[in-house]
file coords24.cif (mmCIF, C-alpha atoms)
data_protein
#
loop_
_atom_site.label_atom_id
_atom_site.label_comp_id
_atom_site.auth_asym_id
_atom_site.auth_seq_id
_atom_site.Cartn_x
_atom_site.Cartn_y
_atom_site.Cartn_z
CA MET A 8 47.26 0.28 7.72
CA LYS A 9 45.00 0.21 4.75
CA ASN A 10 44.13 3.39 3.01
CA HIS A 11 40.34 3.44 2.63
CA SER A 12 38.92 5.68 -0.01
CA ILE A 13 36.55 8.38 1.09
CA LYS A 14 32.92 7.63 0.26
CA ASN A 15 30.16 10.12 -0.26
CA ILE A 16 27.42 9.52 2.35
CA THR A 17 24.71 10.73 -0.02
CA GLU A 18 25.74 8.19 -2.62
CA ILE A 19 25.77 5.42 -0.03
CA LEU A 20 22.29 6.34 1.20
CA GLU A 21 20.85 6.63 -2.31
CA ASN A 22 21.87 3.05 -3.05
CA SER A 23 20.87 1.59 0.32
CA SER A 24 18.02 -0.81 0.89
CA LEU A 25 16.60 1.62 3.46
CA VAL A 26 15.96 4.17 0.73
CA LYS A 27 14.19 1.54 -1.36
CA ILE A 28 11.99 0.60 1.60
CA VAL A 29 11.11 4.24 2.22
CA GLN A 30 10.29 4.77 -1.47
CA ARG A 31 8.04 1.68 -1.47
CA ALA A 32 6.28 2.86 1.70
CA ASN A 33 5.72 6.27 0.12
CA GLN A 34 4.22 4.65 -3.00
CA LEU A 35 1.83 2.56 -0.89
CA ASN A 36 0.84 5.61 1.18
CA GLU A 37 0.12 7.59 -1.97
CA LEU A 38 -1.94 4.72 -3.35
CA ASN A 39 -3.83 4.49 -0.06
CA GLU A 40 -4.64 8.21 -0.06
CA LYS A 41 -5.98 8.10 -3.62
CA ILE A 42 -8.15 5.06 -2.86
CA GLN A 43 -9.44 6.66 0.35
CA SER A 44 -10.69 9.58 -1.75
CA LEU A 45 -12.72 7.19 -3.92
CA LEU A 46 -14.62 5.62 -1.03
CA PRO A 47 -17.66 6.88 0.83
CA ALA A 48 -16.88 8.30 4.27
CA GLN A 49 -18.21 5.25 6.14
CA PHE A 50 -15.49 3.02 4.60
CA ARG A 51 -12.53 5.32 5.17
CA LYS A 52 -10.10 4.16 7.83
CA LEU A 53 -11.65 0.66 7.79
CA TYR A 54 -8.84 -0.86 5.76
CA ARG A 55 -5.20 -0.35 4.94
CA ILE A 56 -3.16 -1.06 1.85
CA VAL A 57 -0.35 -3.40 2.89
CA ASN A 58 1.26 -4.29 -0.42
CA LEU A 59 1.10 -4.37 -4.19
CA VAL A 60 2.50 -7.60 -5.60
CA GLU A 61 2.33 -8.58 -9.26
CA ASN A 62 -0.62 -6.24 -9.88
CA HIS A 63 -2.51 -7.67 -6.90
CA LEU A 64 -3.41 -5.07 -4.30
CA ILE A 65 -3.25 -6.57 -0.79
CA ILE A 66 -5.75 -4.90 1.54
CA GLU A 67 -5.98 -5.54 5.26
CA VAL A 68 -9.36 -5.31 6.98
CA PRO A 69 -10.46 -6.08 10.57
CA ASN A 70 -13.26 -8.50 9.68
CA ALA A 71 -15.17 -10.26 6.90
CA THR A 72 -18.08 -7.81 7.05
CA ILE A 73 -15.88 -4.92 5.94
CA SER A 74 -14.25 -7.10 3.31
CA GLN A 75 -17.68 -7.97 1.87
CA GLY A 76 -18.76 -4.34 1.96
CA LEU A 77 -15.70 -3.21 0.07
CA GLN A 78 -16.11 -5.99 -2.50
CA GLN A 79 -19.78 -5.15 -3.01
CA MET A 80 -18.80 -1.55 -3.71
CA GLN A 81 -16.88 -2.94 -6.68
CA LEU A 82 -13.71 -1.45 -5.28
CA LEU A 83 -11.55 -3.03 -7.98
CA SER A 84 -13.36 -1.26 -10.82
CA MET A 85 -13.05 2.04 -8.93
CA ILE A 86 -9.33 1.50 -8.40
CA GLN A 87 -8.75 0.49 -12.02
CA LYS A 88 -9.97 3.90 -13.16
CA ILE A 89 -6.83 5.45 -11.68
CA TYR A 90 -4.57 2.36 -11.58
CA PRO A 91 -5.50 0.18 -14.58
CA GLN A 92 -2.52 -2.12 -13.96
CA ILE A 93 -4.12 -3.48 -10.77
CA ASP A 94 -6.08 -6.59 -11.72
CA GLU A 95 -7.08 -8.01 -8.34
CA CYS A 96 -7.84 -6.90 -4.78
CA VAL A 97 -6.91 -9.48 -2.18
CA PHE A 98 -8.46 -8.95 1.25
CA LYS A 99 -6.60 -10.19 4.32
CA ILE A 100 -8.54 -10.27 7.57
CA ASN A 101 -6.54 -9.17 10.59
CA PRO A 102 -8.56 -9.26 13.84
CA ASP A 103 -5.81 -7.15 15.49
CA PHE A 104 -6.45 -4.33 13.01
CA LYS A 105 -7.36 -1.29 15.12
CA LEU A 106 -10.07 0.93 13.70
CA SER A 107 -9.15 4.57 14.11
#
call {"tool": "encode", "arguments": {"input": "coords24.cif", "output": "structure tokens"}}
result
Amino acid sequence: MKNHSIKNITEILENSSLVKIVQRANQLNELNEKIQSLLPAQFRKLYRIVNLVENHLIIEVPNATISQGLQQMQLLSMIQKIYPQIDECVFKINPDFKLS
């Protein structure tokens, strides 16, 4: 029988990909909350932040009308006041997006 060394479960979890996924999700949720606070009430809950890739913020919306409305509000310039590293907002239309 092999003698396996005892491993600390905390250390294993800290280095796992699951922890990295959770940290990334928390960052996106925090970003979403801050952006929600910038928008007028009628636009809240009409989009969701799905990713941040190479300083491009990926935003999911249910239709083109909401996408246009958010773009006309100059959302990018509002976001850049608190996140200057973001240089583009990319809107992805998802007809299955459920408005809550």
call {"tool": "closest_residue", "arguments": {"input": "coords24.cif", "among": "A:Asn58, A:Gln43, A:Thr72, A:Gln34", "to": "Cys96 in chain A", "atoms": "all atoms listed in the file"}}
result
A:Asn58
call {"tool": "residues_around", "arguments": {"input": "coords24.cif", "residues": "Leu35 in chain A", "least_positions_apart": "3", "cutoff": "7 Å", "atoms": "only C-alpha atoms", "output": "list in words"}}
result
Arg31, Ala32, Leu38, Asn39, Ile56 and Asn58 of chain A
call {"tool": "resolve_selection", "arguments": {"input": "coords24.cif", "expression": "the PyMOL selection byres ((chain A and resi 98) around 12)", "output": "mmCIF file with C-alpha atoms, in the coordinates of the input"}}
result
data_model
loop_
_atom_site.group_PDB
_atom_site.id
_atom_site.type_symbol
_atom_site.label_atom_id
_atom_site.label_comp_id
_atom_site.auth_asym_id
_atom_site.auth_seq_id
_atom_site.Cartn_x
_atom_site.Cartn_y
_atom_site.Cartn_z
ATOM 1 C CA TYR A 54 -8.840 -0.860 5.760
ATOM 2 C CA ARG A 55 -5.200 -0.350 4.940
ATOM 3 C CA ILE A 56 -3.160 -1.060 1.850
ATOM 4 C CA VAL A 57 -0.350 -3.400 2.890
ATOM 5 C CA ASN A 58 1.260 -4.290 -0.420
ATOM 6 C CA LEU A 59 1.100 -4.370 -4.190
ATOM 7 C CA HIS A 63 -2.510 -7.670 -6.900
ATOM 8 C CA LEU A 64 -3.410 -5.070 -4.300
ATOM 9 C CA ILE A 65 -3.250 -6.570 -0.790
ATOM 10 C CA ILE A 66 -5.750 -4.900 1.540
ATOM 11 C CA GLU A 67 -5.980 -5.540 5.260
ATOM 12 C CA VAL A 68 -9.360 -5.310 6.980
ATOM 13 C CA PRO A 69 -10.460 -6.080 10.570
ATOM 14 C CA ASN A 70 -13.260 -8.500 9.680
ATOM 15 C CA ALA A 71 -15.170 -10.260 6.900
ATOM 16 C CA THR A 72 -18.080 -7.810 7.050
ATOM 17 C CA ILE A 73 -15.880 -4.920 5.940
ATOM 18 C CA SER A 74 -14.250 -7.100 3.310
ATOM 19 C CA GLN A 75 -17.680 -7.970 1.870
ATOM 20 C CA GLY A 76 -18.760 -4.340 1.960
ATOM 21 C CA LEU A 77 -15.700 -3.210 0.070
ATOM 22 C CA GLN A 78 -16.110 -5.990 -2.500
ATOM 23 C CA LEU A 82 -13.710 -1.450 -5.280
ATOM 24 C CA LEU A 83 -11.550 -3.030 -7.980
ATOM 25 C CA GLU A 95 -7.080 -8.010 -8.340
ATOM 26 C CA CYS A 96 -7.840 -6.900 -4.780
ATOM 27 C CA VAL A 97 -6.910 -9.480 -2.180
ATOM 28 C CA LYS A 99 -6.600 -10.190 4.320
ATOM 29 C CA ILE A 100 -8.540 -10.270 7.570
ATOM 30 C CA ASN A 101 -6.540 -9.170 10.590
#
call {"tool": "atom_distance", "arguments": {"input": "coords24.cif", "atom1": "CA of Pro102 in chain A", "atom2": "CA of Leu46 in chain A"}}
result
21.9 Å
call {"tool": "atom_distance", "arguments": {"input": "coords24.cif", "atom1": "CA of Met85 in chain A", "atom2": "CA of Leu45 in chain A"}}
result
7.2 Å
call {"tool": "decode", "arguments": {"input": "coords24.cif", "residues": "range 30-59 of chain A", "atoms": "N, CA, C and O atoms", "output": "JSON list (two decimals), in the first residue's frame"}}
result
[["chain", "number", "residue", "atom", "x", "y", "z"],
["A", 30, "GLN", "N", -15.05, 33.47, -7.07],
["A", 30, "GLN", "CA", -14.48, 34.82, -6.97],
["A", 30, "GLN", "C", -14.87, 35.66, -8.18],
["A", 30, "GLN", "O", -15.24, 36.83, -8.04],
["A", 31, "ARG", "N", -14.81, 35.08, -9.36],
["A", 31, "ARG", "CA", -15.18, 35.79, -10.60],
["A", 31, "ARG", "C", -16.66, 36.17, -10.57],
["A", 31, "ARG", "O", -17.03, 37.29, -10.94],
["A", 32, "ALA", "N", -17.51, 35.26, -10.13],
["A", 32, "ALA", "CA", -18.95, 35.53, -10.03],
["A", 32, "ALA", "C", -19.21, 36.66, -9.04],
["A", 32, "ALA", "O", -20.03, 37.54, -9.30],
["A", 33, "ASN", "N", -18.49, 36.66, -7.93],
["A", 33, "ASN", "CA", -18.64, 37.73, -6.94],
["A", 33, "ASN", "C", -18.22, 39.08, -7.52],
["A", 33, "ASN", "O", -18.86, 40.10, -7.26],
["A", 34, "GLN", "N", -17.13, 39.10, -8.30],
["A", 34, "GLN", "CA", -16.69, 40.35, -8.93],
["A", 34, "GLN", "C", -17.75, 40.87, -9.90],
["A", 34, "GLN", "O", -18.04, 42.07, -9.91],
["A", 35, "LEU", "N", -18.32, 39.99, -10.70],
["A", 35, "LEU", "CA", -19.34, 40.41, -11.66],
["A", 35, "LEU", "C", -20.61, 40.88, -10.94],
["A", 35, "LEU", "O", -21.23, 41.86, -11.36],
["A", 36, "ASN", "N", -20.97, 40.22, -9.84],
["A", 36, "ASN", "CA", -22.14, 40.66, -9.07],
["A", 36, "ASN", "C", -21.91, 42.04, -8.46],
["A", 36, "ASN", "O", -22.82, 42.88, -8.45],
["A", 37, "GLU", "N", -20.72, 42.27, -7.96],
["A", 37, "GLU", "CA", -20.39, 43.58, -7.39],
["A", 37, "GLU", "C", -20.45, 44.66, -8.46],
["A", 37, "GLU", "O", -21.00, 45.74, -8.25],
["A", 38, "LEU", "N", -19.89, 44.36, -9.61],
["A", 38, "LEU", "CA", -19.92, 45.28, -10.74],
["A", 38, "LEU", "C", -21.37, 45.58, -11.14],
["A", 38, "LEU", "O", -21.75, 46.73, -11.36],
["A", 39, "ASN", "N", -22.18, 44.54, -11.21],
["A", 39, "ASN", "CA", -23.59, 44.70, -11.56],
["A", 39, "ASN", "C", -24.32, 45.61, -10.56],
["A", 39, "ASN", "O", -25.07, 46.49, -10.96],
["A", 40, "GLU", "N", -24.09, 45.40, -9.28],
["A", 40, "GLU", "CA", -24.74, 46.22, -8.26],
["A", 40, "GLU", "C", -24.35, 47.69, -8.38],
["A", 40, "GLU", "O", -25.20, 48.58, -8.26],
["A", 41, "LYS", "N", -23.09, 47.95, -8.63],
["A", 41, "LYS", "CA", -22.64, 49.35, -8.75],
["A", 41, "LYS", "C", -23.24, 50.00, -10.00],
["A", 41, "LYS", "O", -23.64, 51.17, -9.96],
["A", 42, "ILE", "N", -23.33, 49.25, -11.09],
["A", 42, "ILE", "CA", -23.90, 49.81, -12.31],
["A", 42, "ILE", "C", -25.41, 50.03, -12.14],
["A", 42, "ILE", "O", -25.95, 51.04, -12.59],
["A", 43, "GLN", "N", -26.07, 49.10, -11.47],
["A", 43, "GLN", "CA", -27.51, 49.26, -11.20],
["A", 43, "GLN", "C", -27.76, 50.59, -10.48],
["A", 43, "GLN", "O", -28.75, 51.28, -10.76],
["A", 44, "SER", "N", -26.89, 50.95, -9.56],
["A", 44, "SER", "CA", -27.09, 52.18, -8.79],
["A", 44, "SER", "C", -26.92, 53.43, -9.65],
["A", 44, "SER", "O", -27.41, 54.50, -9.29],
["A", 45, "LEU", "N", -26.25, 53.31, -10.79],
["A", 45, "LEU", "CA", -26.06, 54.45, -11.68],
["A", 45, "LEU", "C", -27.29, 54.73, -12.55],
["A", 45, "LEU", "O", -27.48, 55.85, -13.01],
["A", 46, "LEU", "N", -28.07, 53.70, -12.80],
["A", 46, "LEU", "CA", -29.15, 53.80, -13.77],
["A", 46, "LEU", "C", -30.45, 54.29, -13.16],
["A", 46, "LEU", "O", -30.73, 54.04, -11.99],
["A", 47, "PRO", "N", -31.27, 54.96, -13.97],
["A", 47, "PRO", "CA", -32.61, 55.31, -13.51],
["A", 47, "PRO", "C", -33.42, 54.04, -13.23],
["A", 47, "PRO", "O", -33.15, 52.98, -13.81],
["A", 48, "ALA", "N", -34.41, 54.15, -12.38],
["A", 48, "ALA", "CA", -35.19, 53.00, -11.93],
["A", 48, "ALA", "C", -35.79, 52.21, -13.09],
["A", 48, "ALA", "O", -35.87, 50.98, -13.03],
["A", 49, "GLN", "N", -36.21, 52.88, -14.16],
["A", 49, "GLN", "CA", -36.87, 52.16, -15.25],
["A", 49, "GLN", "C", -35.93, 51.20, -16.00],
["A", 49, "GLN", "O", -36.39, 50.31, -16.71],
["A", 50, "PHE", "N", -34.61, 51.35, -15.86],
["A", 50, "PHE", "CA", -33.68, 50.46, -16.54],
["A", 50, "PHE", "C", -33.14, 49.35, -15.65],
["A", 50, "PHE", "O", -32.54, 48.40, -16.14],
["A", 51, "ARG", "N", -33.37, 49.45, -14.35],
["A", 51, "ARG", "CA", -32.88, 48.41, -13.45],
["A", 51, "ARG", "C", -33.60, 47.11, -13.72],
["A", 51, "ARG", "O", -34.77, 47.09, -14.04],
["A", 52, "LYS", "N", -32.90, 46.05, -13.59],
["A", 52, "LYS", "CA", -33.41, 44.69, -13.82],
["A", 52, "LYS", "C", -33.73, 44.39, -15.28],
["A", 52, "LYS", "O", -34.33, 43.38, -15.60],
["A", 53, "LEU", "N", -33.35, 45.28, -16.21],
["A", 53, "LEU", "CA", -33.61, 45.05, -17.63],
["A", 53, "LEU", "C", -32.37, 44.54, -18.35],
["A", 53, "LEU", "O", -32.35, 44.44, -19.57],
["A", 54, "TYR", "N", -31.33, 44.26, -17.62],
["A", 54, "TYR", "CA", -30.10, 43.76, -18.21],
["A", 54, "TYR", "C", -29.37, 42.94, -17.15],
["A", 54, "TYR", "O", -29.74, 42.98, -15.97],
["A", 55, "ARG", "N", -28.36, 42.23, -17.59],
["A", 55, "ARG", "CA", -27.47, 41.59, -16.61],
["A", 55, "ARG", "C", -26.05, 41.56, -17.17],
["A", 55, "ARG", "O", -25.86, 41.39, -18.37],
["A", 56, "ILE", "N", -25.11, 41.77, -16.29],
["A", 56, "ILE", "CA", -23.70, 41.70, -16.65],
["A", 56, "ILE", "C", -23.36, 40.21, -16.74],
["A", 56, "ILE", "O", -23.58, 39.47, -15.80],
["A", 57, "VAL", "N", -22.84, 39.79, -17.89],
["A", 57, "VAL", "CA", -22.50, 38.37, -18.02],
["A", 57, "VAL", "C", -21.00, 38.11, -18.02],
["A", 57, "VAL", "O", -20.59, 37.01, -17.69],
["A", 58, "ASN", "N", -20.21, 39.12, -18.38],
["A", 58, "ASN", "CA", -18.77, 38.90, -18.36],
["A", 58, "ASN", "C", -18.02, 40.21, -18.54],
["A", 58, "ASN", "O", -18.58, 41.21, -18.98],
["A", 59, "LEU", "N", -16.75, 40.17, -18.22],
["A", 59, "LEU", "CA", -15.83, 41.27, -18.46],
["A", 59, "LEU", "C", -14.59, 40.63, -19.07],
["A", 59, "LEU", "O", -13.88, 39.88, -18.41]]
